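Peer 1: Supplied in C-alpha cells, the structure appears directly below.
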Amino acid sequence: MKTRTEVALTGTGLAVAGLTAADELLGARREGGFDPTKALVGRDLRHKDRATRLALRAVEPALRDADLLDQDDALTVSPDAIAVVVSSNLGNLDSVCRMADLIAEETVEALNPLVLPQTSSNVIAGAVAIRYGLRGPNLTLCNGETGGLDAVHWAHTLIAAGRAQVAVVVGVEPADGVVAKFVGAGVVDGAVALVLEDASAGRGARPRAVLKGYGYGVDRDAVIAKALDRAEPGLWLTNDDAPAAGLSDVDRFDLEARLGRCSGALGVLQCAAAAAHLDQDPARPALATITGADETAALLLAAPVR
C-alpha cells in the first residue's frame, strides 16, 4: 500500500493590516505592521483588483521565508514544478460588478477586452503565476467557508500526485464598498500565503509544519475524528463554539473573532497560525477546523521530525 506523501509547510507570508508575521495571528501585534494604504500602490500593481494586489503582497514574503527566491529574486526551484492554488469567495467581485454595470449602462460594446480577464475567478492565481513565472498547475477554489482548508488539501494532492514539487497556496478576501454592499461589513481585508512542498525533496528549506490528517464531510464529529486519527492536539483553531469529543481540554482559538469574517481565507490563515504555534510548542499538534452551512473541513498539522 502506497504511503501518504508527507508535505511540509516551509513558508508563510501575510498582507493583513497591522500584522507583520504569522505569530501575530495568535498573539500581540508589533509596531510597523502591514499598511494597505502604502503597500497596495506601485507600478507592479497597476490595473489589478484589490484581492490580486493583496495576494501579491503576501506571496513574496512567503517565497522568501521558504528560500525560494535568491538574492537576485530568481527562483531556486524550476518554475515548472511550482503550482498556485488560491482560495477566495469574494476576490474579484468588484471587477465583475464593474463590468456588469458598464454593460447595463452602455452595452457590451463599451467593454475593454484588455480588462475582461479580470472578471475571471482565476485572475488572482494567474497574476501570481505571471508575476513569478510559475508554470505548474494553477487553480482557484470558491468553495465557501471551508475553501481555505480545501485549497491546502488540493495543493497536497497536486504534490502527492507528482504534478508539482512545490505549491503556493493563497487565501485572500478584500474589503471594499462592493463587498460591503453584498455581504455587509466586517470582512477581513487581507491575504495570507503558504509554501507547501514534498518533504522528501531534500531542498534544504526549514520545514515549519507537516500536514497530517484531513477530513471533509457533513458529519462534523466524524470529520474531526478522521483528521485527528487519535492524535492529541495542543491548539484547536475553529470558527464555531460547539464541543467535540476529546477536545474539551484543548485550547481553542477563533481567528475570525480577532480579524473579522475571513471567508475563503480562513483555512489558510489557520494553517499559518498553526505553523507559528508549532514554532513555539512543537510537541503539541494544531487542529484546524471550519464548519460551514452544510459541511466541515478539518486538517491536523504537526511539527516536523528533527
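Every chain in the C-alpha cells has a letter given in the order shown (A, B, ...), and although residue numbers restart at 1 in each chain, ligands are simply numbered from 1 in the order shown.
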Taking the chain letters and numbering used in this document, name the residues of region 87-142 of chain A that DSSP puts in strand (DSSP E), as an MDAnalysis selection string.

Peer 2: chainID A and resid 87 138:141

Peer 1: Write out, as a PDB file, in the first residue's frame, the residues just selected, with C-alpha atoms.

Peer 2:
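Final output, saved to again19.pdb:
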```
ATOM      1  CA  SER A  87      -8.992  30.275  -2.155  1.00  0.00           C
ATOM      2  CA  ASN A 138      -2.897  26.896 -11.486  1.00  0.00           C
ATOM      3  CA  LEU A 139      -6.375  26.946  -9.956  1.00  0.00           C
ATOM      4  CA  THR A 140      -8.807  28.790  -7.712  1.00  0.00           C
ATOM      5  CA  LEU A 141     -11.335  27.412  -5.248  1.00  0.00           C
TER       6      LEU A 141
END
```

Peer 1: Counting only C-alpha atoms, what is within 7 Å of Gly144 (chain A), bar same-chain residues fewer than 6 positions away, as a list of chain:residue names?

Peer 2: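 The filter keeps A:Asn89, A:Ser263, A:Gly264.
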
Peer 1: With C-alpha atoms retained, could you export that selection as a PDB file, in the first residue's frame?

Peer 2:
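Written output follows (out_24.pdb):
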```pdb
ATOM      1  CA  ASN A  89     -15.024  33.707  -2.434  1.00  0.00           C
ATOM      2  CA  SER A 263     -14.457  33.513   4.310  1.00  0.00           C
ATOM      3  CA  GLY A 264     -12.187  31.692   1.842  1.00  0.00           C
TER       4      GLY A 264
END
```

Peer 1: Where does DSSP see helix (DSSP H, G or I) in region 35-206 of chain A, if you list the residues as JSON, numbers by chain?

Peer 2: {"A": [36, 37, 38, 39, 43, 44, 45, 50, 51, 52, 53, 54, 55, 56, 57, 58, 59, 60, 61, 62, 63, 64, 65, 79, 80, 81, 93, 94, 95, 96, 97, 98, 99, 100, 101, 102, 103, 104, 105, 106, 108, 109, 110, 116, 117, 118, 119, 123, 124, 125, 126, 127, 128, 129, 130, 131, 132, 144, 145, 146, 147, 148, 149, 150, 151, 152, 153, 154, 155, 156, 157, 158, 159, 160, 177, 178, 179, 180, 181, 182, 183]}

Peer 1: Would you mind reading off the distance between CA of Ala127 (chain A) and CA of Leu54 (chain A), one decimal, in Å?

Peer 2: 11.3 Å

Peer 1: When distances are computed from only C-alpha atoms, which of A:Leu237, A:Thr146, A:Ala288, A:Asp198 shows the smallest separation from Val218 (chain A)?

Peer 2: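 Ranked by minimum distance to Val218 (chain A), first place goes to A:Thr146.
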
Peer 1: Interatomic distance between CA of Ser121 (chain A) and CA of Thr52 (chain A)?

Peer 2: 10.8 Å

Peer 1: From the list A:Gly27, A:Val115, A:Pro233, A:Pro174, which residue is nearest Asp281 (chain A) when using only C-alpha atoms?

Peer 2: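 Among the listed residues, the smallest separation from Asp281 (chain A) belongs to A:Pro233.
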
Peer 1: Quick one: residues within 10 Å of Leu228 (chain A), only C-alpha atoms counted, chain neighbours fewer than 6 positions away excluded, as a PyMOL selection string?

Peer 2: chain A and resi 212-215+222+246+285-287+298-301

Peer 1: Got a sec: who's within 7 Å of Cys262 (chain A), counting only C-alpha atoms, leaving out chain neighbours fewer than 4 positions off, as a ChimeraX atom specification?

Peer 2: /A:173,187-188,256,266

Peer 1: Okay, now the selection with C-alpha atoms, as a CSV table (one decimal), in the first residue's frame?

Peer 2:
```
chain,number,residue,atom,x,y,z
A,173,GLU,CA,-10.6,38.3,0.7
A,187,VAL,CA,-14.9,41.1,6.3
A,188,VAL,CA,-11.2,40.8,6.7
A,256,GLU,CA,-12.5,35.4,13.0
A,266,LEU,CA,-9.8,31.4,6.9
```

Peer 1: So, with only C-alpha atoms as the atoms that count, which of A:Ala265, A:Ala17, A:Leu26, A:Ala167 lies closest to Glu145 (chain A)?

Peer 2: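 Ranked by minimum distance to Glu145 (chain A), first place goes to A:Ala265.
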
Peer 1: Using only C-alpha atoms, which protein or nucleic acid residues come within 8 Å of Asp150 (chain A)? Drop anything in the same chain fewer than 5 positions from it, and give the result as a CSV table (one decimal) with N, CA and C atoms, in the first residue's frame.

Peer 2:
```csv
chain,number,residue,atom,x,y,z
A,141,LEU,N,-10.2,28.0,-5.9
A,141,LEU,CA,-11.3,27.4,-5.2
A,141,LEU,C,-12.2,28.5,-4.7
A,143,ASN,N,-15.1,28.0,-2.6
A,143,ASN,CA,-15.8,26.8,-2.0
A,143,ASN,C,-16.4,27.2,-0.7
A,267,GLY,N,-9.1,29.2,6.3
A,267,GLY,CA,-8.3,27.9,6.4
A,267,GLY,C,-6.8,28.2,6.2
A,297,ALA,N,-14.6,21.0,7.3
A,297,ALA,CA,-13.3,20.5,6.9
A,297,ALA,C,-12.4,20.6,8.1
```

Peer 1: With distances taken over only C-alpha atoms, which residue among A:Thr157, A:Gln270, A:Asn239, A:Thr5 lies nearest Ala83 (chain A)?

Peer 2: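 Under the stated criterion, the closest residue is A:Thr157.
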
Peer 1: Could you pull the residues within 7 Å of Val210 (chain A), counting only C-alpha atoms, minus those fewer than 6 positions along the same chain, as an mmCIF file with N, CA and C atoms, in the first residue's frame?

Peer 2:
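So the final result, stored in result-v5.cif, reads:
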```
data_model
loop_
_atom_site.group_PDB
_atom_site.id
_atom_site.type_symbol
_atom_site.label_atom_id
_atom_site.label_comp_id
_atom_site.auth_asym_id
_atom_site.auth_seq_id
_atom_site.Cartn_x
_atom_site.Cartn_y
_atom_site.Cartn_z
ATOM 1 N N GLU A 6 4.372 12.891 2.446
ATOM 2 C CA GLU A 6 4.465 13.898 3.503
ATOM 3 C C GLU A 6 4.763 15.256 2.884
ATOM 4 N N VAL A 7 3.900 16.194 3.176
ATOM 5 C CA VAL A 7 4.038 17.548 2.647
ATOM 6 C C VAL A 7 4.342 18.491 3.788
ATOM 7 N N ALA A 8 5.368 19.306 3.599
ATOM 8 C CA ALA A 8 5.808 20.245 4.626
ATOM 9 C C ALA A 8 5.407 21.670 4.274
ATOM 10 N N LEU A 9 5.122 22.432 5.292
ATOM 11 C CA LEU A 9 4.883 23.873 5.144
ATOM 12 C C LEU A 9 6.210 24.563 5.443
ATOM 13 N N LEU A 301 -2.046 19.615 11.708
ATOM 14 C CA LEU A 301 -0.671 19.984 11.400
ATOM 15 C C LEU A 301 0.210 19.656 12.599
ATOM 16 N N ALA A 302 1.382 19.091 12.338
ATOM 17 C CA ALA A 302 2.286 18.693 13.395
ATOM 18 C C ALA A 302 3.681 19.217 13.103
ATOM 19 N N ALA A 303 4.506 19.255 14.118
ATOM 20 C CA ALA A 303 5.881 19.695 13.947
ATOM 21 C C ALA A 303 6.654 18.629 13.175
ATOM 22 N N PRO A 304 7.591 19.036 12.333
ATOM 23 C CA PRO A 304 8.398 18.051 11.608
ATOM 24 C C PRO A 304 9.321 17.310 12.547
#
```

Peer 1: Provide the CA of Ala257 (chain A) to CA of Leu25 (chain A) distance in Å, to one decimal place.

Peer 2: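 So the answer is 11.0 Å.
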
Peer 1: Out of A:Glu295, A:Gly260, A:Val59, A:Arg46, which residue has the shortest atom-to-atom distance to Gly184 (chain A) when counting only C-alpha atoms?

Peer 2: A:Gly260

Peer 1: For Gly126 (chain A), which residue out of A:Leu68, A:Leu56, A:His277, A:His153 is the nearest one, using only C-alpha atoms?

Peer 2: A:Leu56
